[in-house]
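Peer 1: Structure in structure tokens, see below.
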Amino acid sequence: MNTSIAPPTITIRRQRERAIYNRHPWVFSGAVQAVHGNPEPGATVRVQNGAGEFLAWGYWNAASAIQVRLLSWREDEAIDADFWRRRIRRAVEARTEENLIYEGGAPVAYRLINAENDYLPGLIVDRYGDWLVLQALTMGIEARKPLLVELLDDLLHPAGIYERSDVDARQKEGLPPAVGLLQGREPPDLIEIDEHGRRFLVDVRNGHKTGFYLDQRQNRLLLGNLLRFDPDAQERVVLNAFGYTGGFSVYALDGLAKRVITVDASAEAIALAKRNVSLNGFHVNEDDFVVADVFQRLRLYRDSARQFDIIILDPPKFAHTQRQVERAARGYKDINLLAFKLLKPGGLLMTFSCSGGVSADLFRKIVFGALIDSGREAQVLQTLGPGPDHPVALTFPEGAYLKGLLLRVW
Ligand code: SAH
């Protein structure tokens, strides 16, 4: 430890120490008993108990409800450039060397750094072929952005690093949105990526999140495989609700489904979905691409007695805060109830929630409620989550935001 100058120090209330021993990375303002040494926004702080004993190192932001995000629980670990390099390298090597991600020589896309879950709170980095897209979600990361960009460039030599820090979470940190090139060359308007041999065009400037829902790559592959091994695939009609740029749709077509209907409220997303379908060598049937509100569209299908063999329900985050969970639950119940009614006997429902405030348990209960109201029967074939490029730290349950169920419906 560099002790030439005492680092700013945060003393934690006694009854709030346990979470730190349990390596939860967040220290809320209510847990802070005293602040010593006037830390700058984003500064590294020493976290101690009332007796002055070391608990952890973290970075500080007085403006946030989460005033400290913890980085290390080892007193002798200096939080210097080398610390950040080690952490970034660990995250990157876990993706590449352990072969969690199939690359096959093609330009690939996956999450390289998953923030708190990679013990790098506030930092998201996604790889899209030769480019990296970065999100700095906190003051601590914002303050270190030049260093982090340099380390990423050094380790990975990307063509460029583009920033998409235009997320609501920044407001809670007292930060404005930030978007633009950080390093290297501007990405093209659309980056073409390869995902399990399927190709997609990704708009990293204007697309959702960093451009693509990378967290669903494993579940898209699962859908493709379900159809590939289905002897009657060619008779299957698939509804991809909240389809964005056609991720699940391309896999369904590739699995030889007879018809795949993609519904999304965003005209831009649907336009790109068509291009992605065509890029993979499939005919674009205009009627199968629908710009509409899924809640209304499902009712329309119900009223016209339409039936599907497979339905994917991958809605956006309905609950952004704990207070919105009840309303979100009603939304999830509504679409799942409608989906149950629209499925042929023996059909499959792949249903998801990406609301952090809705636990896997609660989600299951909501879907259960919808099933009972629908009068149908269903079996869980598989519980679903993100792929291994989106690890969840065991000590950070908030990291498990994406949960889903694959159901057989009778
Ligand atoms: N399954 C997709 C990701 C879906 S993200 C994939 O694998 O890529 C959620 C999508 O829902 C977004 O594209 C958003 O435009 C769309 N959306 C949000 N609210 C909607 C609504 N009420 N009706 C239809 N689409 C909606």
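Within each chain, counting starts at residue 1; across the structure tokens, chains are named A, B, ... in the order shown, with ligands numbered 1 upward in that order.
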If we count only C-alpha atoms and set the cut-off at 8 Å, which residues sit around Ile113 of chain A, ignoring sequence neighbours fewer than 3 positions away in its own chain? Please answer as a list in words.
Peer 2: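 The residues that qualify are Ile88, Ala91, Val92, Asp118, Leu120, Leu123, Ile124, Val125 and Asp126 of chain A.
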Peer 1: Select from chain A every residue with an atom at most 9 Å from any atom of ligand 1, then for each give the shortest pair of atoms and their distance in Å to one decimal, using only C-alpha atoms and all ligand atoms, rows by chain and rising number, as JSON lines.
Peer 2:
{"residue": "A:His208", "atom": "CA", "partner": "ligand 1", "partner_atom_place_in_ligand_line": "13 (O)", "distance": 7.4}
{"residue": "A:Phe212", "atom": "CA", "partner": "ligand 1", "partner_atom_place_in_ligand_line": "8 (O)", "distance": 6.0}
{"residue": "A:Tyr213", "atom": "CA", "partner": "ligand 1", "partner_atom_place_in_ligand_line": "8 (O)", "distance": 4.8}
{"residue": "A:Leu214", "atom": "CA", "partner": "ligand 1", "partner_atom_place_in_ligand_line": "7 (O)", "distance": 7.6}
{"residue": "A:Asp215", "atom": "CA", "partner": "ligand 1", "partner_atom_place_in_ligand_line": "7 (O)", "distance": 8.1}
{"residue": "A:Gln216", "atom": "CA", "partner": "ligand 1", "partner_atom_place_in_ligand_line": "7 (O)", "distance": 5.5}
{"residue": "A:Arg217", "atom": "CA", "partner": "ligand 1", "partner_atom_place_in_ligand_line": "7 (O)", "distance": 7.3}
{"residue": "A:Asn219", "atom": "CA", "partner": "ligand 1", "partner_atom_place_in_ligand_line": "7 (O)", "distance": 8.4}
{"residue": "A:Arg220", "atom": "CA", "partner": "ligand 1", "partner_atom_place_in_ligand_line": "7 (O)", "distance": 6.9}
{"residue": "A:Asn240", "atom": "CA", "partner": "ligand 1", "partner_atom_place_in_ligand_line": "1 (N)", "distance": 7.5}
{"residue": "A:Ala241", "atom": "CA", "partner": "ligand 1", "partner_atom_place_in_ligand_line": "24 (C)", "distance": 7.0}
{"residue": "A:Phe242", "atom": "CA", "partner": "ligand 1", "partner_atom_place_in_ligand_line": "11 (O)", "distance": 3.9}
{"residue": "A:Gly243", "atom": "CA", "partner": "ligand 1", "partner_atom_place_in_ligand_line": "1 (N)", "distance": 4.7}
{"residue": "A:Tyr244", "atom": "CA", "partner": "ligand 1", "partner_atom_place_in_ligand_line": "13 (O)", "distance": 3.4}
{"residue": "A:Thr245", "atom": "CA", "partner": "ligand 1", "partner_atom_place_in_ligand_line": "8 (O)", "distance": 5.7}
{"residue": "A:Gly246", "atom": "CA", "partner": "ligand 1", "partner_atom_place_in_ligand_line": "8 (O)", "distance": 6.1}
{"residue": "A:Gly247", "atom": "CA", "partner": "ligand 1", "partner_atom_place_in_ligand_line": "7 (O)", "distance": 4.5}
{"residue": "A:Phe248", "atom": "CA", "partner": "ligand 1", "partner_atom_place_in_ligand_line": "7 (O)", "distance": 5.5}
{"residue": "A:Ser249", "atom": "CA", "partner": "ligand 1", "partner_atom_place_in_ligand_line": "7 (O)", "distance": 8.5}
{"residue": "A:Val263", "atom": "CA", "partner": "ligand 1", "partner_atom_place_in_ligand_line": "24 (C)", "distance": 6.2}
{"residue": "A:Asp264", "atom": "CA", "partner": "ligand 1", "partner_atom_place_in_ligand_line": "25 (N)", "distance": 3.7}
{"residue": "A:Ala265", "atom": "CA", "partner": "ligand 1", "partner_atom_place_in_ligand_line": "25 (N)", "distance": 3.8}
{"residue": "A:Ser266", "atom": "CA", "partner": "ligand 1", "partner_atom_place_in_ligand_line": "15 (O)", "distance": 4.7}
{"residue": "A:Ala267", "atom": "CA", "partner": "ligand 1", "partner_atom_place_in_ligand_line": "15 (O)", "distance": 8.3}
{"residue": "A:Glu268", "atom": "CA", "partner": "ligand 1", "partner_atom_place_in_ligand_line": "15 (O)", "distance": 8.7}
{"residue": "A:Ala269", "atom": "CA", "partner": "ligand 1", "partner_atom_place_in_ligand_line": "13 (O)", "distance": 6.2}
{"residue": "A:Ile270", "atom": "CA", "partner": "ligand 1", "partner_atom_place_in_ligand_line": "13 (O)", "distance": 8.4}
{"residue": "A:Val291", "atom": "CA", "partner": "ligand 1", "partner_atom_place_in_ligand_line": "24 (C)", "distance": 7.5}
{"residue": "A:Ala292", "atom": "CA", "partner": "ligand 1", "partner_atom_place_in_ligand_line": "24 (C)", "distance": 5.6}
{"residue": "A:Asp293", "atom": "CA", "partner": "ligand 1", "partner_atom_place_in_ligand_line": "23 (N)", "distance": 3.4}
{"residue": "A:Val294", "atom": "CA", "partner": "ligand 1", "partner_atom_place_in_ligand_line": "23 (N)", "distance": 3.9}
{"residue": "A:Phe295", "atom": "CA", "partner": "ligand 1", "partner_atom_place_in_ligand_line": "22 (N)", "distance": 6.1}
{"residue": "A:Gln296", "atom": "CA", "partner": "ligand 1", "partner_atom_place_in_ligand_line": "23 (N)", "distance": 8.0}
{"residue": "A:Arg297", "atom": "CA", "partner": "ligand 1", "partner_atom_place_in_ligand_line": "23 (N)", "distance": 8.3}
{"residue": "A:Ile312", "atom": "CA", "partner": "ligand 1", "partner_atom_place_in_ligand_line": "1 (N)", "distance": 7.8}
{"residue": "A:Leu313", "atom": "CA", "partner": "ligand 1", "partner_atom_place_in_ligand_line": "1 (N)", "distance": 7.6}
{"residue": "A:Asp314", "atom": "CA", "partner": "ligand 1", "partner_atom_place_in_ligand_line": "1 (N)", "distance": 5.0}
{"residue": "A:Pro315", "atom": "CA", "partner": "ligand 1", "partner_atom_place_in_ligand_line": "9 (C)", "distance": 4.6}
{"residue": "A:Pro316", "atom": "CA", "partner": "ligand 1", "partner_atom_place_in_ligand_line": "9 (C)", "distance": 4.2}
{"residue": "A:Lys317", "atom": "CA", "partner": "ligand 1", "partner_atom_place_in_ligand_line": "9 (C)", "distance": 7.8}
{"residue": "A:Phe318", "atom": "CA", "partner": "ligand 1", "partner_atom_place_in_ligand_line": "19 (N)", "distance": 8.7}
Peer 1: May I have the selected residues written with N, CA and C atoms, as a compact mmCIF listing (two decimals), in the first residue's frame?
Peer 2:
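Output below, filename out27.txt:
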# COMPACT_ATOMS: atom_id res chain seq x y z
N HIS A 208 -30.08 -0.23 -29.68
CA HIS A 208 -30.33 -0.32 -28.24
C HIS A 208 -29.08 -0.82 -27.52
N PHE A 212 -26.68 -4.45 -29.81
CA PHE A 212 -27.28 -5.78 -30.01
C PHE A 212 -27.54 -6.39 -28.64
N TYR A 213 -28.56 -7.25 -28.55
CA TYR A 213 -28.84 -7.90 -27.26
C TYR A 213 -27.97 -9.15 -27.14
N LEU A 214 -26.70 -8.89 -26.81
CA LEU A 214 -25.72 -9.97 -26.72
C LEU A 214 -26.09 -10.98 -25.64
N ASP A 215 -26.84 -10.52 -24.63
CA ASP A 215 -27.19 -11.42 -23.52
C ASP A 215 -28.08 -12.59 -23.95
N GLN A 216 -28.67 -12.48 -25.13
CA GLN A 216 -29.58 -13.54 -25.59
C GLN A 216 -28.93 -14.52 -26.57
N ARG A 217 -27.62 -14.40 -26.78
CA ARG A 217 -27.02 -15.23 -27.85
C ARG A 217 -27.22 -16.73 -27.62
N ASN A 219 -29.65 -18.17 -25.98
CA ASN A 219 -31.06 -18.55 -26.11
C ASN A 219 -31.51 -18.53 -27.57
N ARG A 220 -30.89 -17.64 -28.35
CA ARG A 220 -31.16 -17.67 -29.80
C ARG A 220 -30.67 -18.99 -30.38
N ASN A 240 -42.08 -14.09 -33.12
CA ASN A 240 -41.00 -13.45 -32.37
C ASN A 240 -41.49 -12.08 -31.91
N ALA A 241 -42.00 -12.03 -30.69
CA ALA A 241 -42.58 -10.78 -30.17
C ALA A 241 -41.52 -10.00 -29.43
N PHE A 242 -41.45 -8.71 -29.68
CA PHE A 242 -40.37 -7.83 -29.24
C PHE A 242 -39.08 -8.29 -29.94
N GLY A 243 -39.14 -8.40 -31.24
CA GLY A 243 -38.09 -9.05 -32.02
C GLY A 243 -36.86 -8.24 -32.32
N TYR A 244 -36.90 -6.92 -32.04
CA TYR A 244 -35.76 -6.01 -32.29
C TYR A 244 -35.25 -6.21 -33.74
N THR A 245 -33.98 -6.50 -33.94
CA THR A 245 -33.45 -6.57 -35.30
C THR A 245 -33.45 -8.00 -35.85
N GLY A 246 -34.35 -8.82 -35.29
CA GLY A 246 -34.57 -10.14 -35.88
C GLY A 246 -33.65 -11.25 -35.40
N GLY A 247 -33.01 -11.07 -34.26
CA GLY A 247 -32.10 -12.08 -33.75
C GLY A 247 -32.71 -13.47 -33.70
N PHE A 248 -33.76 -13.63 -32.91
CA PHE A 248 -34.41 -14.95 -32.82
C PHE A 248 -34.99 -15.37 -34.17
N SER A 249 -35.44 -14.41 -34.96
CA SER A 249 -36.09 -14.74 -36.24
C SER A 249 -35.11 -15.42 -37.19
N VAL A 263 -42.40 -9.05 -34.56
CA VAL A 263 -43.17 -7.86 -34.17
C VAL A 263 -42.31 -6.99 -33.26
N ASP A 264 -42.24 -5.71 -33.60
CA ASP A 264 -41.53 -4.76 -32.73
C ASP A 264 -42.14 -3.38 -32.93
N ALA A 265 -42.11 -2.57 -31.87
CA ALA A 265 -42.68 -1.22 -31.95
C ALA A 265 -41.77 -0.27 -32.74
N SER A 266 -40.52 -0.64 -32.89
CA SER A 266 -39.56 0.26 -33.54
C SER A 266 -39.44 -0.03 -35.03
N ALA A 267 -39.77 0.98 -35.86
CA ALA A 267 -39.68 0.82 -37.32
C ALA A 267 -38.23 0.61 -37.75
N GLU A 268 -37.29 1.28 -37.08
CA GLU A 268 -35.87 1.12 -37.43
C GLU A 268 -35.42 -0.32 -37.15
N ALA A 269 -35.87 -0.85 -36.01
CA ALA A 269 -35.47 -2.21 -35.66
C ALA A 269 -36.03 -3.19 -36.69
N ILE A 270 -37.28 -3.01 -37.08
CA ILE A 270 -37.90 -3.93 -38.04
C ILE A 270 -37.21 -3.82 -39.41
N VAL A 291 -44.54 -3.66 -37.60
CA VAL A 291 -44.26 -2.59 -36.65
C VAL A 291 -45.54 -2.38 -35.85
N ALA A 292 -45.56 -2.80 -34.62
CA ALA A 292 -46.78 -2.70 -33.81
C ALA A 292 -46.46 -2.87 -32.35
N ASP A 293 -47.43 -2.47 -31.54
CA ASP A 293 -47.36 -2.70 -30.11
C ASP A 293 -47.73 -4.16 -29.84
N VAL A 294 -46.86 -4.86 -29.14
CA VAL A 294 -47.08 -6.30 -28.94
C VAL A 294 -48.36 -6.56 -28.14
N PHE A 295 -48.64 -5.73 -27.16
CA PHE A 295 -49.85 -5.93 -26.35
C PHE A 295 -51.09 -5.93 -27.25
N GLN A 296 -51.12 -4.98 -28.18
CA GLN A 296 -52.28 -4.89 -29.09
C GLN A 296 -52.27 -6.03 -30.10
N ARG A 297 -51.10 -6.31 -30.63
CA ARG A 297 -50.97 -7.32 -31.68
C ARG A 297 -51.39 -8.70 -31.15
N ILE A 312 -41.87 -16.44 -28.90
CA ILE A 312 -40.80 -15.85 -28.09
C ILE A 312 -41.31 -14.51 -27.57
N LEU A 313 -41.21 -14.35 -26.26
CA LEU A 313 -41.62 -13.08 -25.63
C LEU A 313 -40.39 -12.52 -24.94
N ASP A 314 -39.79 -11.51 -25.55
CA ASP A 314 -38.58 -10.92 -24.97
C ASP A 314 -38.76 -9.41 -24.80
N PRO A 315 -39.63 -9.02 -23.88
CA PRO A 315 -39.97 -7.60 -23.75
C PRO A 315 -38.83 -6.77 -23.17
N PRO A 316 -38.92 -5.45 -23.31
CA PRO A 316 -37.92 -4.59 -22.67
C PRO A 316 -38.14 -4.61 -21.16
N LYS A 317 -37.26 -3.94 -20.46
CA LYS A 317 -37.36 -3.86 -19.01
C LYS A 317 -38.67 -3.13 -18.66
N PHE A 318 -39.59 -3.83 -18.01
CA PHE A 318 -40.85 -3.17 -17.60
C PHE A 318 -40.68 -2.43 -16.28
Peer 1: Could you tell me which of A:Val250, A:Val35, A:Ala257, A:Ala19 comes closest to Asp230 of chain A if we count only C-alpha atoms?
Peer 2: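 The closest residue to Asp230 of chain A is A:Ala257.
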Peer 1: If you run DSSP on this backbone, which residues of segment 160-215 of chain A come out as alpha helix (DSSP H), and could you give them as a ChimeraX atom specification?
Peer 2: /A:169-172
Peer 1: Atoms to include: all heavy atoms. Write the selected residues as a PDB file, in the first residue's frame.
Peer 2:
ATOM      1  N   ALA A 169     -28.816   5.286 -16.042  1.00  0.00           N
ATOM      2  CA  ALA A 169     -28.046   5.082 -14.808  1.00  0.00           C
ATOM      3  C   ALA A 169     -27.037   6.209 -14.577  1.00  0.00           C
ATOM      4  O   ALA A 169     -26.705   6.522 -13.428  1.00  0.00           O
ATOM      5  CB  ALA A 169     -27.319   3.739 -14.870  1.00  0.00           C
ATOM      6  N   ARG A 170     -26.576   6.853 -15.656  1.00  0.00           N
ATOM      7  CA  ARG A 170     -25.584   7.922 -15.493  1.00  0.00           C
ATOM      8  C   ARG A 170     -26.157   9.099 -14.706  1.00  0.00           C
ATOM      9  O   ARG A 170     -25.442   9.748 -13.957  1.00  0.00           O
ATOM     10  CB  ARG A 170     -25.124   8.432 -16.870  1.00  0.00           C
ATOM     11  CG  ARG A 170     -24.415   7.403 -17.699  1.00  0.00           C
ATOM     12  CD  ARG A 170     -22.951   7.626 -17.811  1.00  0.00           C
ATOM     13  NE  ARG A 170     -22.537   8.941 -18.276  1.00  0.00           N
ATOM     14  CZ  ARG A 170     -21.263   9.258 -18.512  1.00  0.00           C
ATOM     15  NH1 ARG A 170     -20.317   8.345 -18.354  1.00  0.00           N
ATOM     16  NH2 ARG A 170     -20.923  10.465 -18.913  1.00  0.00           N
ATOM     17  N   GLN A 171     -27.447   9.377 -14.907  1.00  0.00           N
ATOM     18  CA  GLN A 171     -28.093  10.486 -14.191  1.00  0.00           C
ATOM     19  C   GLN A 171     -27.979  10.303 -12.691  1.00  0.00           C
ATOM     20  O   GLN A 171     -27.736  11.256 -11.958  1.00  0.00           O
ATOM     21  CB  GLN A 171     -29.579  10.504 -14.540  1.00  0.00           C
ATOM     22  CG  GLN A 171     -29.917  11.446 -15.672  1.00  0.00           C
ATOM     23  CD  GLN A 171     -31.381  11.331 -16.032  1.00  0.00           C
ATOM     24  OE1 GLN A 171     -32.236  11.152 -15.175  1.00  0.00           O
ATOM     25  NE2 GLN A 171     -31.669  11.407 -17.316  1.00  0.00           N
ATOM     26  N   LYS A 172     -28.168   9.077 -12.241  1.00  0.00           N
ATOM     27  CA  LYS A 172     -28.119   8.788 -10.803  1.00  0.00           C
ATOM     28  C   LYS A 172     -26.718   9.001 -10.252  1.00  0.00           C
ATOM     29  O   LYS A 172     -26.525   9.067  -9.052  1.00  0.00           O
ATOM     30  CB  LYS A 172     -28.549   7.343 -10.537  1.00  0.00           C
ATOM     31  CG  LYS A 172     -29.962   7.049 -10.972  1.00  0.00           C
ATOM     32  CD  LYS A 172     -30.349   5.649 -10.559  1.00  0.00           C
ATOM     33  CE  LYS A 172     -31.654   5.221 -11.202  1.00  0.00           C
ATOM     34  NZ  LYS A 172     -31.800   3.767 -11.225  1.00  0.00           N
TER      35      LYS A 172
END
Peer 1: Would you mind listing what lies within 12 Å of Phe229 of chain A as a PyMOL selection string, with only C-alpha atoms counted and same-chain residues fewer than 4 positions away left out?
Peer 2: chain A and resi 222-225+233-234+252+254-257
Peer 1: Would you export the selected residues with N, CA and C atoms as a CSV table (one decimal), in the first residue's frame, please?
Peer 2:
chain,number,residue,atom,x,y,z
A,222,LEU,N,-30.4,-21.8,-28.8
A,222,LEU,CA,-31.2,-22.8,-28.3
A,222,LEU,C,-32.5,-22.9,-29.2
A,223,LEU,N,-33.1,-21.8,-29.5
A,223,LEU,CA,-34.2,-21.8,-30.4
A,223,LEU,C,-33.9,-22.5,-31.8
A,224,GLY,N,-32.7,-22.1,-32.3
A,224,GLY,CA,-32.3,-22.7,-33.6
A,224,GLY,C,-32.2,-24.2,-33.5
A,225,ASN,N,-31.6,-24.6,-32.4
A,225,ASN,CA,-31.4,-26.1,-32.2
A,225,ASN,C,-32.7,-26.8,-32.0
A,233,ALA,N,-40.1,-29.3,-38.3
A,233,ALA,CA,-39.7,-27.9,-38.3
A,233,ALA,C,-40.4,-27.1,-39.5
A,234,GLN,N,-40.5,-27.8,-40.6
A,234,GLN,CA,-41.0,-27.1,-41.8
A,234,GLN,C,-42.5,-26.7,-41.7
A,252,ALA,N,-34.6,-18.9,-36.2
A,252,ALA,CA,-35.8,-19.8,-36.5
A,252,ALA,C,-35.9,-20.1,-38.0
A,254,ASP,N,-33.3,-20.2,-40.0
A,254,ASP,CA,-32.2,-21.1,-40.2
A,254,ASP,C,-32.5,-22.5,-39.7
A,255,GLY,N,-33.4,-22.6,-38.8
A,255,GLY,CA,-33.9,-23.9,-38.3
A,255,GLY,C,-35.0,-24.5,-39.2
A,256,LEU,N,-35.3,-23.8,-40.3
A,256,LEU,CA,-36.2,-24.3,-41.3
A,256,LEU,C,-37.7,-24.1,-41.0
A,257,ALA,N,-38.0,-23.2,-40.0
A,257,ALA,CA,-39.4,-22.9,-39.7
A,257,ALA,C,-40.1,-22.4,-40.9
Peer 1: DSSP on the backbone: which residues in segment 63-249 of chain A end up as strand (DSSP E)? Give the answer as an NGL selection string.
Peer 2: :A and (66-72 or 109-114 or 123-128 or 131-136 or 160-165 or 178-184 or 191-195 or 198-202 or 237-241)
Peer 1: Could you check which of A:Val68, A:Leu55, A:Ala63, A:Val108 is closest to Leu175 of chain A, using only C-alpha atoms?
Peer 2: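 Smallest separation from Leu175 of chain A among the options: A:Ala63.
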Peer 1: Taking only C-alpha atoms into account, name the residue in A:Cys354, A:Ala305, A:Val260, A:Leu70 that is nearest to Tyr119 of chain A.
Peer 2: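 The closest residue to Tyr119 of chain A is A:Leu70.
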Peer 1: Considering only C-alpha atoms, can you say which of A:His320, A:Arg90, A:Arg46, A:Arg127 comes closest to Ile193 of chain A?
Peer 2: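 Nearest candidate to Ile193 of chain A out of A:His320, A:Arg90, A:Arg46, A:Arg127: A:Arg127.
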Peer 1: Compile the contact shell of Pro188 of chain A as an NGL selection string: residues with an atom at most 10 Å away, counting only C-alpha atoms, same-chain residues fewer than 5 positions apart removed.
Peer 2: :A and (131 or 202-205)
Peer 1: The selected residues should be written to file as a compact mmCIF listing (two decimals), in the first residue's frame (atoms: C-alpha atoms).
Peer 2:
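Okay, this is what ended up in part-v1.txt:
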# COMPACT_ATOMS: atom_id res chain seq x y z
CA TRP A 131 -14.57 -2.66 -32.51
CA VAL A 202 -25.34 -3.98 -35.78
CA ASP A 203 -25.80 -0.24 -35.45
CA VAL A 204 -23.52 0.58 -32.53
CA ARG A 205 -24.30 4.31 -32.77
